[in-house]
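Undergrad: What follows is a single structure, and I will ask about it in a moment.
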Amino acid sequence: MRFDVLSLFPDTITSACNFSIIKRALTENKIEINAINPRDFSLDKHKKVDDTPYGGGAGMLLSCQPYLDALKSIEKKENSAAIIMSPQGKTFNQEMAKEFAAKEQIIIICGHYEGFDERIIEKSEAIEVSIGDFVLTGGEFPALCIIDSITRLQKGVLGDDESAEYDSHYDGLLEHPHYTKPREYDGLTVPEVLVSGHHENIKEWRRLQQFLVTKKKRPDLFEKFLKTKLSDFDKMILKKNNLF
C-alpha cells in the first residue's frame with residue numbers, strides 16, 4: 001500500500017508516521033508514505049498557493065495550479081483511489097477503511113485556510129471524505145486518521161491479522177470488554193468464563209458482549225446489524241439471550 005499525501009505541511013505527515021504500528025509497517029515495507037508539498041509546484045515567484053475568493057468573503061482559497069500540478073506528478077497505480085479531506089465529505093467509517101485497504105494506492109489531498117478552489121475538487125475527481133461534523137485548521141490530522149485506519153488493516157501489520165477482526169466497527173458492532181492481570185482489583189474480578197479455559201464458551205461470551213455493548217452504547221448500530229445477513233452462530237446467541 002502506498003499513500004501519497006498532498007500537504008502544505010508535509011513534515012506533519014512524515015513525523016507523525018514515525019511511531020508505533022505505522023513506523024513498523026514502514027520499516028517492514030508493508031506501506032509507503034510519500035508527502036508532497038503543492039508549494040513546490042507553484043509558478044508564483046513567491047511560491048504562493050492561495051488567493052482571495054471571487055465574489056468577496058473572508059479567508060483565502062487554495063489555488064488550482066499548484067495542487068493539480070502536484071497531483072499530476074504522482075505516478076498512479078492501476079488500483080488506486082484519491083481522497084480530498086473536506087468537512088462536506090462522506091463521513092469516514094470502518095467499511096470505507098476496508099474498501100480503501102484493498103487498494104494499492106491512496107492519494108490524499110489536504111486543505112488549509114478557507115478551503116479549495118472548487119475546480120481542484122472537480123478536476124481531481126477525488127472522493128470528498130470527512131472524519132466528523134466539525135472543522136479543523138487543516139486536513140493533515142484527518143489524513144493521519146485515515147492512514148492509520150487503513151494501515152492496520154494491511155496483512156501482517158498487526159502481527160496477528162485476526163486482531164483487527166475484533167475491533168469496534170469491523171463487522172458493524174462495538175468491541176467486547178477486555179481484561180488482564182490481576183484477576184481481582186479493588187473488588188472487581190475478571191469474568192469466570194475468561195479463566196475457564198473453555199474456548200467455545202469464551203468465544204460465545206465475547207460475541208454476546210459485543211451485542212450487549214453495542215445495544216447499550218450504540219443502539220443505532222445494533223439495529224442496523226440485525227438487518228444484515230446473520231450467521232447461524234450469531235442467531236443462536238441472539239435467540240438464546242432474547243436479543244433477536
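Here's how to read the names in the C-alpha cells: chain A, B, ... by the order shown, residue numbers from 1 in each chain, ligand numbers from 1 in the order shown.
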Using only C-alpha atoms, determine which residues lie at most 9 Å from Gly59 in chain A, disregarding the query and same-chain residues fewer than 5 positions distant; provide the list as a list in words.
TA: Asp51, Thr52, Pro53, Tyr113, Glu114 and Gly115 of chain A
Undergrad: Counting only C-alpha atoms, what are the residues of range 44-117 of chain A within 10 Å of range 20-36 of chain A, and for each of them which pair of atoms is the nearest and at what distance in Å, to one decimal? Sort the table by chain and rising number, as a tab-separated table.
TA:
```
residue	atom	partner	partner_atom	distance
A:Tyr67	CA	A:Ile36	CA	9.9
A:Ala70	CA	A:Ile36	CA	7.3
A:Leu71	CA	A:Ile36	CA	8.9
A:Ser73	CA	A:Ile36	CA	9.4
A:Ile74	CA	A:Ile36	CA	9.0
A:Glu104	CA	A:Ile31	CA	9.5
A:Gln105	CA	A:Glu32	CA	9.2
A:Ile106	CA	A:Ile33	CA	9.7
A:Ile107	CA	A:Asn34	CA	9.4
A:Ile108	CA	A:Ala35	CA	9.5
A:Ile109	CA	A:Ile36	CA	9.6
```
Undergrad: Env of Ser149 in chain A: 9 Å cut, atoms = only C-alpha atoms, seq-sep filter 5 positions within chain, self excluded. Answer as a PDB file with C-alpha atoms, in the first residue's frame.
TA:
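What follows is the written file result.pdb:
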```
ATOM      1  CA  GLN A  94     -14.724   1.200   9.097  1.00  0.00           C
ATOM      2  CA  ALA A  97     -11.425   1.780   5.645  1.00  0.00           C
ATOM      3  CA  LYS A  98     -11.820  -1.818   4.458  1.00  0.00           C
ATOM      4  CA  ALA A 101      -7.384  -1.053   2.359  1.00  0.00           C
ATOM      5  CA  LEU A 144      -3.380  10.724   9.502  1.00  0.00           C
TER       6      LEU A 144
END
```
Undergrad: Taking the DSSP assignment computed from this structure's backbone, write out as number ranges by chain all residues of range 117-180 of chain A that belong to helix (DSSP H, G or I).
TA: A: 118-124, 140-151, 163-166
Undergrad: Can you tell me, as a PyMOL selection string, which residues in range 168-239 of chain A count as strand (DSSP E or B) by DSSP?
TA: chain A and resi 184-185+188-189
Undergrad: So that I can see what lies close to range 173-177 of chain A, please list as a list of chain:residue names the residues with an atom at most 6 Å from it, counting only C-alpha atoms and leaving out residues fewer than 6 positions away in the same chain.
TA: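 The filter keeps A:Asp167, A:Arg206, A:Gln209, A:Gln210, A:Thr214.
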Undergrad: Output the selection as a PDB file, in the first residue's frame - all heavy atoms for each residue.
TA:
```
ATOM      1  N   ASP A 167     -11.969  -5.587  16.350  1.00  0.00           N
ATOM      2  CA  ASP A 167     -12.050  -4.160  16.641  1.00  0.00           C
ATOM      3  C   ASP A 167     -13.493  -3.687  16.585  1.00  0.00           C
ATOM      4  O   ASP A 167     -14.332  -4.239  15.859  1.00  0.00           O
ATOM      5  CB  ASP A 167     -11.247  -3.352  15.604  1.00  0.00           C
ATOM      6  CG  ASP A 167      -9.756  -3.488  15.803  1.00  0.00           C
ATOM      7  OD1 ASP A 167      -9.341  -3.882  16.908  1.00  0.00           O
ATOM      8  OD2 ASP A 167      -9.011  -3.200  14.850  1.00  0.00           O
ATOM      9  N   ARG A 206     -17.766 -13.572  24.394  1.00  0.00           N
ATOM     10  CA  ARG A 206     -17.268 -12.349  23.753  1.00  0.00           C
ATOM     11  C   ARG A 206     -18.235 -11.821  22.703  1.00  0.00           C
ATOM     12  O   ARG A 206     -18.458 -10.614  22.593  1.00  0.00           O
ATOM     13  CB  ARG A 206     -15.892 -12.612  23.142  1.00  0.00           C
ATOM     14  CG  ARG A 206     -14.787 -12.672  24.191  1.00  0.00           C
ATOM     15  CD  ARG A 206     -13.450 -13.030  23.588  1.00  0.00           C
ATOM     16  NE  ARG A 206     -12.383 -12.841  24.564  1.00  0.00           N
ATOM     17  CZ  ARG A 206     -11.144 -13.293  24.413  1.00  0.00           C
ATOM     18  NH1 ARG A 206     -10.812 -13.998  23.324  1.00  0.00           N
ATOM     19  NH2 ARG A 206     -10.223 -13.066  25.342  1.00  0.00           N
ATOM     20  N   GLN A 209     -21.132 -10.240  24.444  1.00  0.00           N
ATOM     21  CA  GLN A 209     -20.756  -8.930  24.976  1.00  0.00           C
ATOM     22  C   GLN A 209     -20.745  -7.875  23.884  1.00  0.00           C
ATOM     23  O   GLN A 209     -21.118  -6.715  24.118  1.00  0.00           O
ATOM     24  CB  GLN A 209     -19.385  -9.003  25.658  1.00  0.00           C
ATOM     25  CG  GLN A 209     -19.350  -9.863  26.912  1.00  0.00           C
ATOM     26  CD  GLN A 209     -20.419  -9.492  27.917  1.00  0.00           C
ATOM     27  OE1 GLN A 209     -20.545  -8.330  28.300  1.00  0.00           O
ATOM     28  NE2 GLN A 209     -21.198 -10.471  28.334  1.00  0.00           N
ATOM     29  N   GLN A 210     -20.339  -8.251  22.682  1.00  0.00           N
ATOM     30  CA  GLN A 210     -20.389  -7.305  21.563  1.00  0.00           C
ATOM     31  C   GLN A 210     -21.822  -6.851  21.318  1.00  0.00           C
ATOM     32  O   GLN A 210     -22.075  -5.664  21.097  1.00  0.00           O
ATOM     33  CB  GLN A 210     -19.822  -7.946  20.289  1.00  0.00           C
ATOM     34  CG  GLN A 210     -18.314  -8.040  20.257  1.00  0.00           C
ATOM     35  CD  GLN A 210     -17.816  -8.406  18.875  1.00  0.00           C
ATOM     36  OE1 GLN A 210     -17.660  -9.589  18.564  1.00  0.00           O
ATOM     37  NE2 GLN A 210     -17.592  -7.416  18.050  1.00  0.00           N
ATOM     38  N   THR A 214     -22.922  -2.995  22.177  1.00  0.00           N
ATOM     39  CA  THR A 214     -23.411  -2.211  21.042  1.00  0.00           C
ATOM     40  C   THR A 214     -24.844  -1.753  21.273  1.00  0.00           C
ATOM     41  O   THR A 214     -25.193  -0.602  20.994  1.00  0.00           O
ATOM     42  CB  THR A 214     -23.333  -3.030  19.742  1.00  0.00           C
ATOM     43  OG1 THR A 214     -21.998  -3.517  19.571  1.00  0.00           O
ATOM     44  CG2 THR A 214     -23.692  -2.167  18.540  1.00  0.00           C
TER      45      THR A 214
END
```
Undergrad: Please list as an mmCIF file with all heavy atoms, in the first residue's frame every residue within 12 Å of Asn201 in chain A, counting only C-alpha atoms and excluding residues in the same chain fewer than 6 positions away.
TA:
```cif
data_model
loop_
_atom_site.group_PDB
_atom_site.id
_atom_site.type_symbol
_atom_site.label_atom_id
_atom_site.label_comp_id
_atom_site.auth_asym_id
_atom_site.auth_seq_id
_atom_site.Cartn_x
_atom_site.Cartn_y
_atom_site.Cartn_z
ATOM 1 N N PRO A 191 -14.401 -11.842 34.640
ATOM 2 C CA PRO A 191 -15.472 -12.829 34.457
ATOM 3 C C PRO A 191 -14.932 -14.258 34.441
ATOM 4 O O PRO A 191 -13.907 -14.533 33.806
ATOM 5 C CB PRO A 191 -16.068 -12.436 33.095
ATOM 6 C CG PRO A 191 -15.818 -10.964 33.005
ATOM 7 C CD PRO A 191 -14.477 -10.755 33.640
ATOM 8 N N GLU A 192 -15.619 -15.136 35.139
ATOM 9 C CA GLU A 192 -15.172 -16.512 35.317
ATOM 10 C C GLU A 192 -14.928 -17.230 33.987
ATOM 11 O O GLU A 192 -13.996 -18.021 33.854
ATOM 12 C CB GLU A 192 -16.215 -17.288 36.136
ATOM 13 C CG GLU A 192 -15.768 -18.664 36.578
ATOM 14 C CD GLU A 192 -14.611 -18.625 37.569
ATOM 15 O OE1 GLU A 192 -14.531 -17.642 38.337
ATOM 16 O OE2 GLU A 192 -13.809 -19.567 37.557
ATOM 17 N N VAL A 193 -15.756 -16.957 33.016
ATOM 18 C CA VAL A 193 -15.641 -17.654 31.733
ATOM 19 C C VAL A 193 -14.273 -17.436 31.072
ATOM 20 O O VAL A 193 -13.744 -18.321 30.402
ATOM 21 C CB VAL A 193 -16.779 -17.226 30.771
ATOM 22 C CG1 VAL A 193 -16.656 -15.758 30.401
ATOM 23 C CG2 VAL A 193 -16.785 -18.099 29.522
ATOM 24 N N LEU A 194 -13.661 -16.271 31.299
ATOM 25 C CA LEU A 194 -12.399 -15.949 30.643
ATOM 26 C C LEU A 194 -11.211 -16.701 31.232
ATOM 27 O O LEU A 194 -10.147 -16.769 30.607
ATOM 28 C CB LEU A 194 -12.137 -14.430 30.714
ATOM 29 C CG LEU A 194 -13.138 -13.550 29.962
ATOM 30 C CD1 LEU A 194 -12.766 -12.084 30.108
ATOM 31 C CD2 LEU A 194 -13.200 -13.931 28.488
ATOM 32 N N VAL A 195 -11.387 -17.256 32.429
ATOM 33 C CA VAL A 195 -10.303 -18.031 33.042
ATOM 34 C C VAL A 195 -10.656 -19.521 33.083
ATOM 35 O O VAL A 195 -9.967 -20.320 33.707
ATOM 36 C CB VAL A 195 -9.983 -17.520 34.466
ATOM 37 C CG1 VAL A 195 -9.443 -16.102 34.414
ATOM 38 C CG2 VAL A 195 -11.220 -17.585 35.368
ATOM 39 N N ARG A 207 -18.820 -12.740 21.931
ATOM 40 C CA ARG A 207 -19.775 -12.299 20.923
ATOM 41 C C ARG A 207 -21.014 -11.712 21.579
ATOM 42 O O ARG A 207 -21.526 -10.673 21.139
ATOM 43 C CB ARG A 207 -20.157 -13.476 20.017
ATOM 44 C CG ARG A 207 -20.880 -13.064 18.732
ATOM 45 C CD ARG A 207 -20.026 -12.142 17.899
ATOM 46 N NE ARG A 207 -20.603 -11.919 16.575
ATOM 47 C CZ ARG A 207 -20.180 -10.998 15.731
ATOM 48 N NH1 ARG A 207 -19.171 -10.194 16.070
ATOM 49 N NH2 ARG A 207 -20.733 -10.862 14.541
ATOM 50 N N LEU A 208 -21.487 -12.343 22.643
ATOM 51 C CA LEU A 208 -22.636 -11.813 23.372
ATOM 52 C C LEU A 208 -22.327 -10.429 23.915
ATOM 53 O O LEU A 208 -23.175 -9.519 23.842
ATOM 54 C CB LEU A 208 -23.016 -12.755 24.526
ATOM 55 C CG LEU A 208 -24.086 -12.225 25.500
ATOM 56 C CD1 LEU A 208 -25.389 -11.945 24.771
ATOM 57 C CD2 LEU A 208 -24.304 -13.219 26.639
ATOM 58 N N ILE A 237 -26.892 -17.085 19.505
ATOM 59 C CA ILE A 237 -26.608 -16.275 20.689
ATOM 60 C C ILE A 237 -27.704 -15.239 20.920
ATOM 61 O O ILE A 237 -28.161 -15.031 22.049
ATOM 62 C CB ILE A 237 -25.241 -15.573 20.555
ATOM 63 C CG1 ILE A 237 -24.121 -16.618 20.461
ATOM 64 C CG2 ILE A 237 -25.003 -14.630 21.726
ATOM 65 C CD1 ILE A 237 -22.773 -16.020 20.155
#
```
Undergrad: Find the residues near Leu230 in chain A: any atom within 12 Å, counting only C-alpha atoms, skip ones fewer than 5 places away on the same chain, and give them as a ChimeraX atom specification.
TA: /A:171-172,224-225,235-239,244
Undergrad: Can you tell me, as a list of chain:residue names, what residues are no more than 10 Å from Arg119 in chain A when counting only C-alpha atoms, ignoring any on the same chain fewer than 2 positions away?
TA: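 With the cut-off at 10 Å, the set is A:Ser63, A:Cys64, A:Gln65, A:Leu68, A:Phe116, A:Asp117, A:Ile121, A:Glu122, A:Lys123, A:Ser124, A:Glu125.
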Undergrad: My list of candidates is A:Met1, A:Leu188, A:Met60, A:Cys110. Which is closest to Ile13 in chain A when distances are computed with only C-alpha atoms?
TA: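 Among A:Met1, A:Leu188, A:Met60, A:Cys110, it is A:Cys110 that comes nearest to Ile13 in chain A.
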Undergrad: For CA of Arg152 in chain A and CA of Phe9 in chain A, quote the distance in Å rounded to one decimal.
TA: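 Distance reported for this atom pair: 23.8 Å.
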Undergrad: Report the distance between CA of Ser42 in chain A and CA of Leu61 in chain A in Å, rounded to one decimal place.
TA: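 Distance reported for this atom pair: 14.3 Å.
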Undergrad: Return the single residue from A:Gly89, A:Pro38, A:Gly139, A:Gly57 that is closest to Ala126 in chain A, with distances computed using only C-alpha atoms.
TA: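 Of A:Gly89, A:Pro38, A:Gly139, A:Gly57, the one nearest Ala126 in chain A, counting only C-alpha atoms, is A:Gly89.
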Undergrad: Check the smallest atom-to-atom distance from each of A:His178, A:Arg2, A:Arg39, A:Arg183 to Ser80 in chain A using only C-alpha atoms, then report the winner.
TA: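 Ranked by minimum distance to Ser80 in chain A, first place goes to A:Arg2.
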